[in-house]
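Heads up, the thing below is written out as structure tokens.
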Amino acid sequence: MAGEDETKTDTKSSNQTPAWENSNHALYLHHSDQPGAVLVSQALEEDNYVEWKQSMASALTIKNKIGFVNGTLPCPQFNEEEKTQWTRCDALLQERFSQTNTVNLFNIETAIHECVQEGNSVTSFFTNLKALWDEKDALCTSTPCTCAAATEAATALETQRTMKFLMGLNDDYAAVRSTIIGIDPLPTLNKAYAMVLRQEKQAAVSGNRGSSSAEAAAFYSSKEDREAWKKNSNKIDGSKCAKSHPR
């Protein structure tokens, strides 16, 4: 009897439907989930990343696939069948996004290359550049790594971005740019931004002082001119009065 019960249990276990066949499971795949399927109707353009990102995040959340993108659903390590299903889902998402990533990445890289300060403030320039880098990072997702090579790569990327920020500044900041480049090791991007921003504020204060001094000088000069004009007018009036009433 015991043997029969064990046999029945094994048979029931082997015939049990996998958990990911449930439509609410994160690894569930519908027959309509194909690489060419459109998740959102709005295509990603150069100026609609925020809206596109929100729409795509909502679509992935509804399909229980957002974990593949934000890293909260790692690949299973112990259940081989579950690992195989996870790999299928991951491959499907990679195939779907890689079709548009190349073109969008090219456009973002071009925008980064052409991004310079020109008539913008330091803060506006830095914000625009940072937004482009964030868009690039969103497209170039990779599996997190904690090895020594990953640390070196992160440092190299930080240096590259610091250099790009300094190169895009106007010539007014040539002095502070040379100062930053001469520091060893090179300051981080945020540190370099803080130094340039401080220089901008100091220049603004000096400009205001110079403007106030010029206005004060102009006012003083104008006051002297008015007083001189009054004196001359009094002399002329006195002369006329003397001629009209001779002694």
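Residue names in the structure tokens use chain letters A, B, ... in the order shown, residue numbers from 1 in each chain, and ligand numbers from 1 in the order shown.
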
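Within the 8 Å cut-off around A:His25, using only C-alpha atoms and omitting residues fewer than 5 positions from it on the same chain, the listed residues are A:Ala19, A:Trp20, A:Asn64.
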
Can I get the selected residues back with N, CA, C and O atoms, as a PDB file, in the first residue's frame?
ATOM      1  N   ALA A  19       4.363  26.312 -12.506  1.00  0.00           N
ATOM      2  CA  ALA A  19       3.791  27.530 -11.935  1.00  0.00           C
ATOM      3  C   ALA A  19       3.706  28.656 -12.959  1.00  0.00           C
ATOM      4  O   ALA A  19       2.795  29.482 -12.915  1.00  0.00           O
ATOM      5  N   TRP A  20       4.659  28.714 -13.896  1.00  0.00           N
ATOM      6  CA  TRP A  20       4.680  29.821 -14.860  1.00  0.00           C
ATOM      7  C   TRP A  20       3.623  29.686 -15.961  1.00  0.00           C
ATOM      8  O   TRP A  20       3.514  30.550 -16.818  1.00  0.00           O
ATOM      9  N   ASN A  64       3.904  41.642 -15.965  1.00  0.00           N
ATOM     10  CA  ASN A  64       4.764  41.048 -14.921  1.00  0.00           C
ATOM     11  C   ASN A  64       6.192  40.815 -15.413  1.00  0.00           C
ATOM     12  O   ASN A  64       6.845  39.853 -15.009  1.00  0.00           O
TER      13      ASN A  64
END

Could you work out how far atom CA of A:Lys201 lies from atom CA of A:Gln160, giving the answer in Å with one decimal? 25.5 Å

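Using only C-alpha atoms, the contacts of A:Phe68 at a cut-off of 12 Å, with sequence neighbours closer than 2 positions omitted, comprise Ala26, Leu27, Ala57, Leu60, Thr61, Lys63, Asn64, Lys65, Ile66, Asn70, Gly71, Thr72, Leu73, Pro74, Cys75, Trp86, Thr87, Arg88, Cys89, Asp90, Ala91, Leu92, Leu93, Gln94, Thr141, Ser142 and Thr143 of chain A.
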
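Atom to atom, atom CA of A:Val116 and atom CA of A:Ala156 stand 21.3 Å apart.
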
Could you pull out the residues in stretch 108-162 of chain A that DSSP calls helix (DSSP H, G or I) from the backbone, as JSON, numbers by chain? {"A": [108, 109, 110, 111, 112, 113, 114, 122, 123, 124, 125, 126, 127, 128, 129, 130, 131, 132, 133, 134, 135, 136, 137, 138, 139, 148, 149, 150, 151, 152, 153, 154, 155, 156, 157, 158, 159, 160, 161, 162]}

What is the distance, in Å and to one decimal place, between atom CA of A:Leu39 and atom CA of A:Ala59? 6.3 Å

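The smallest atom-to-atom distance between A:Trp52 and any of A:Glu81, A:Asp172, A:Glu109, A:Glu135, using only C-alpha atoms, is found for A:Glu135.
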